[in-house]
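What follows is a set of notes on a single structure, which appears directly below.
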2 protein chains.
Amino acid sequence: MNWLDSVKFDQDGLIPAIAQDAHTGRILMVAWMNREALQLTAEKKRGVYWSRSRQKLWHKGEESGHIQVVKEIRLDCDADVITLQIEQLGGIACHTGRESCFYRKLDDNQQWQIVDPVLKDPHSIYEHPQHEH
Amino acid sequence: MNWLDSVKFDQDGLIPAIAQDAHTGRILMVAWMNREALQLTAEKKRGVYWSRSRQKLWHKGEESGHIQVVKEIRLDCDADVITLQIEQLGGIACHTGRESCFYRKLDDNQQWQIVDPVLKDPHSIYEHPQHEH
């Protein structure tokens with residue numbers, strides 16, 4: 001059986017994929033994959049996703065250079081979530097120029113606080129900021 | 001503004017939440033929350049989810065005792081994914097009796113391999129295995 005046949009894609013043909021830093025364990029981002037994106041991720045050992053906003057394959061780093069080298073792919077018990085252990089080139093996974101997309105933390109006063117710095121101005125990363133997403 | 005108003009729930013009123021071991025960084029499980037589940041999680045500092053199969057609130061550990069003590073809640077840049085840093089009581093997050101739901105790894109022969117042991121027989125954890133899910 002093809003390994004892709006074990007994966008349960010949702011009604012839109014997508015599955016969420018969590019990219020985790022292989023060294024630090026930090027969760028860097030969550031994006032969506034269709035069957036082709038998952039197959040390409042496994043073949044090329046690079047993070048390839050499906051952009052829901054642009055409705056096309058998204059080779060992470062295609063514009064920013066922030067390519068993800070994939071070390072391990074796992075599937076959960078329900079076969080409906082993927083985790084990737086990755087090496088994040090450039091050290092920036094988020095389109096805001098931060099290491100991780102999870103830079104807001106709920107504080108004791110029930111407010112979201114931005115707790116992580118912007119490492120690089122998105123305008124110097126992307127020709128069209130917000131584009132690679 | 002109420003912190004919950006910043007959170008983007010999907011068309012079903014749900015958001016995926018990733019539970020990560022606060023000490024080891026291991027991703028233990030992914031489940032869904034509605035607004036009430038997220039609010040309860042923040043208030044009680046316990047993992048509370050929405051069971052899509054049972055269509056009701058699911059206080060993780062209600063049957064198994066495998067309660068999740070929540071140390072930190074984060075939100076991503078798109079405000080549509082939550083991460084939880086947790087302490088997993090009993091050391092078992094998965095309904096199969098494993099530490100993590102992500103126990104299958106894609107090997108070099110393009111096969112999913114089960115690489116993590118069952119720590120406890122689900123029949124000794126649950127009155128009705130598959131139930132708490």
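So you can find residues: chains in the structure tokens are A, B, ... in the order shown, residues in each start at 1, and ligands are numbered from 1 in order.
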Distance filter 7 Å, only C-alpha atoms, chain B against chain A, as a tab-separated table (two decimals) with N, CA and C atoms, in the first residue's frame:
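Contents of out.tsv, as written:
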```tsv
chain	number	residue	atom	x	y	z
B	3	TRP	N	-9.74	38.54	25.05
B	3	TRP	CA	-8.68	37.81	24.34
B	3	TRP	C	-9.24	36.76	23.38
B	25	GLY	N	9.55	19.12	25.17
B	25	GLY	CA	9.24	19.71	23.87
B	25	GLY	C	8.56	18.75	22.92
B	26	ARG	N	8.33	17.52	23.34
B	26	ARG	CA	7.68	16.57	22.45
B	26	ARG	C	6.23	16.97	22.16
B	73	ILE	N	-0.12	29.21	27.03
B	73	ILE	CA	-0.98	29.17	25.84
B	73	ILE	C	-0.44	30.19	24.85
B	74	ARG	N	-0.23	29.76	23.62
B	74	ARG	CA	0.22	30.69	22.57
B	74	ARG	C	-0.71	30.62	21.36
B	75	LEU	N	-0.63	31.69	20.57
B	75	LEU	CA	-1.46	31.83	19.38
B	75	LEU	C	-0.53	32.18	18.21
B	76	ASP	N	-0.84	31.67	17.03
B	76	ASP	CA	0.07	31.94	15.91
B	76	ASP	C	-0.30	33.22	15.17
B	77	CYS	N	0.52	33.55	14.17
B	77	CYS	CA	0.39	34.83	13.46
B	77	CYS	C	-0.96	34.98	12.78
B	101	CYS	N	0.64	10.86	20.42
B	101	CYS	CA	-0.14	10.35	19.29
B	101	CYS	C	0.72	10.18	18.03
B	102	PHE	N	1.89	10.82	18.03
B	102	PHE	CA	2.74	10.78	16.83
B	102	PHE	C	3.76	9.67	16.95
B	103	TYR	N	3.28	8.43	16.89
B	103	TYR	CA	4.14	7.27	17.11
B	103	TYR	C	4.50	6.55	15.81
B	104	ARG	N	4.02	7.09	14.68
B	104	ARG	CA	4.35	6.49	13.38
B	104	ARG	C	5.28	7.41	12.60
B	105	LYS	N	6.33	6.83	12.12
B	105	LYS	CA	7.39	7.58	11.44
B	105	LYS	C	7.53	7.05	10.02
B	106	LEU	N	7.69	7.92	9.07
B	106	LEU	CA	7.91	7.51	7.70
B	106	LEU	C	9.35	7.06	7.55
B	110	GLN	N	9.63	4.38	2.60
B	110	GLN	CA	8.31	4.97	2.40
B	110	GLN	C	7.19	4.14	3.02
B	111	GLN	N	7.45	3.69	4.23
B	111	GLN	CA	6.44	2.98	5.00
B	111	GLN	C	6.31	3.66	6.36
B	112	TRP	N	5.07	3.67	6.88
B	112	TRP	CA	4.87	4.17	8.24
B	112	TRP	C	5.28	3.08	9.21
```
Picked from region 1-42 of chain A by DSSP as helix (DSSP H, G or I), as a short mmCIF file (atom, residue, chain, number, x, y, z; two decimals) with C-alpha atoms, in the first residue's frame:
```
data_model
loop_
_atom_site.label_atom_id
_atom_site.label_comp_id
_atom_site.auth_asym_id
_atom_site.auth_seq_id
_atom_site.Cartn_x
_atom_site.Cartn_y
_atom_site.Cartn_z
CA TRP A 3 2.04 5.34 2.41
CA LEU A 4 -0.05 8.29 1.23
CA ASP A 5 -3.18 6.13 1.25
CA SER A 6 -2.91 5.85 5.05
CA ARG A 35 -1.41 14.87 -1.18
CA GLU A 36 1.03 16.30 -3.71
CA ALA A 37 2.63 18.63 -1.15
CA LEU A 38 3.12 15.76 1.28
CA GLN A 39 4.60 13.54 -1.44
CA LEU A 40 6.98 16.31 -2.53
CA THR A 41 7.97 16.98 1.09
CA ALA A 42 8.93 13.32 1.51
#
```
(request) Please indicate the distance in Å from CA of Glu87 (chain B) to CA of Lys44 (chain B), rounded to one decimal place. (result)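 Going from CA of Glu87 (chain B) over to CA of Lys44 (chain B) covers 13.8 Å.
In this model, the gap between CA of Glu62 (chain B) and CA of Val7 (chain A) comes to 28.8 Å.
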(request) Could you tell me how far CA of Ser124 (chain A) lies from CA of Ala19 (chain A), in Å and to one decimal? (result)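 Between CA of Ser124 (chain A) and CA of Ala19 (chain A) the gap works out to 23.4 Å.
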(request) Could you give me, as a PyMOL selection string, each residue of region 3-111 of chain A that DSSP assigns to strand (DSSP E or B) when run on this structure's backbone? (result) chain A and resi 15-21+27-33+46+48-51+56-59+68-75+82-88+104-106
Output C-alpha atoms for every residue in the selection just made, as a PDB file, in the first residue's frame.
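Saved file out.pdb follows:
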```pdb
ATOM      1  CA  ILE A  15      -3.992  17.852   6.304  1.00  0.00           C
ATOM      2  CA  PRO A  16      -2.354  20.180   8.850  1.00  0.00           C
ATOM      3  CA  ALA A  17       1.421  19.834   9.187  1.00  0.00           C
ATOM      4  CA  ILE A  18       3.333  21.067  12.218  1.00  0.00           C
ATOM      5  CA  ALA A  19       6.934  22.088  11.592  1.00  0.00           C
ATOM      6  CA  GLN A  20       9.087  21.648  14.661  1.00  0.00           C
ATOM      7  CA  ASP A  21      12.731  22.650  15.019  1.00  0.00           C
ATOM      8  CA  ILE A  27       7.071  24.602  17.169  1.00  0.00           C
ATOM      9  CA  LEU A  28       7.792  26.981  14.310  1.00  0.00           C
ATOM     10  CA  MET A  29       4.640  26.976  12.192  1.00  0.00           C
ATOM     11  CA  VAL A  30       1.573  25.059  11.116  1.00  0.00           C
ATOM     12  CA  ALA A  31       0.534  24.934   7.483  1.00  0.00           C
ATOM     13  CA  TRP A  32      -1.565  22.730   5.229  1.00  0.00           C
ATOM     14  CA  MET A  33      -0.586  20.016   2.773  1.00  0.00           C
ATOM     15  CA  ARG A  46      11.992  20.069   1.929  1.00  0.00           C
ATOM     16  CA  VAL A  48       6.259  21.907   0.692  1.00  0.00           C
ATOM     17  CA  TYR A  49       2.749  23.062   1.568  1.00  0.00           C
ATOM     18  CA  TRP A  50      -0.544  24.011  -0.016  1.00  0.00           C
ATOM     19  CA  SER A  51      -1.260  27.707   0.219  1.00  0.00           C
ATOM     20  CA  LYS A  56      -1.288  26.623  -5.137  1.00  0.00           C
ATOM     21  CA  LEU A  57       1.690  24.609  -3.990  1.00  0.00           C
ATOM     22  CA  TRP A  58       3.994  26.570  -1.765  1.00  0.00           C
ATOM     23  CA  HIS A  59       7.635  25.518  -1.647  1.00  0.00           C
ATOM     24  CA  GLN A  68      12.999  23.869   5.551  1.00  0.00           C
ATOM     25  CA  VAL A  69      15.195  20.767   5.500  1.00  0.00           C
ATOM     26  CA  VAL A  70      13.001  17.884   6.622  1.00  0.00           C
ATOM     27  CA  LYS A  71      14.600  15.310   8.919  1.00  0.00           C
ATOM     28  CA  GLU A  72      11.556  13.272   9.954  1.00  0.00           C
ATOM     29  CA  ILE A  73       7.879  12.926   9.105  1.00  0.00           C
ATOM     30  CA  ARG A  74       5.369  11.511  11.573  1.00  0.00           C
ATOM     31  CA  LEU A  75       1.638  10.787  11.492  1.00  0.00           C
ATOM     32  CA  ILE A  82       1.533  15.433  10.296  1.00  0.00           C
ATOM     33  CA  THR A  83       4.603  16.545  12.230  1.00  0.00           C
ATOM     34  CA  LEU A  84       7.865  17.483  10.558  1.00  0.00           C
ATOM     35  CA  GLN A  85      11.209  17.673  12.288  1.00  0.00           C
ATOM     36  CA  ILE A  86      13.008  20.368  10.362  1.00  0.00           C
ATOM     37  CA  GLU A  87      16.098  22.482  10.113  1.00  0.00           C
ATOM     38  CA  GLN A  88      14.891  26.017   9.376  1.00  0.00           C
ATOM     39  CA  ARG A 104       1.924  35.654  21.166  1.00  0.00           C
ATOM     40  CA  LYS A 105       1.477  34.354  24.683  1.00  0.00           C
ATOM     41  CA  LEU A 106      -1.580  34.637  26.902  1.00  0.00           C
TER      42      LEU A 106
END
```
(message) From the options A:Ile125, A:Asp12, A:His23, A:Leu119, which residue's atoms come nearest to Gly61 (chain A), counting only C-alpha atoms?
(response) A:Ile125
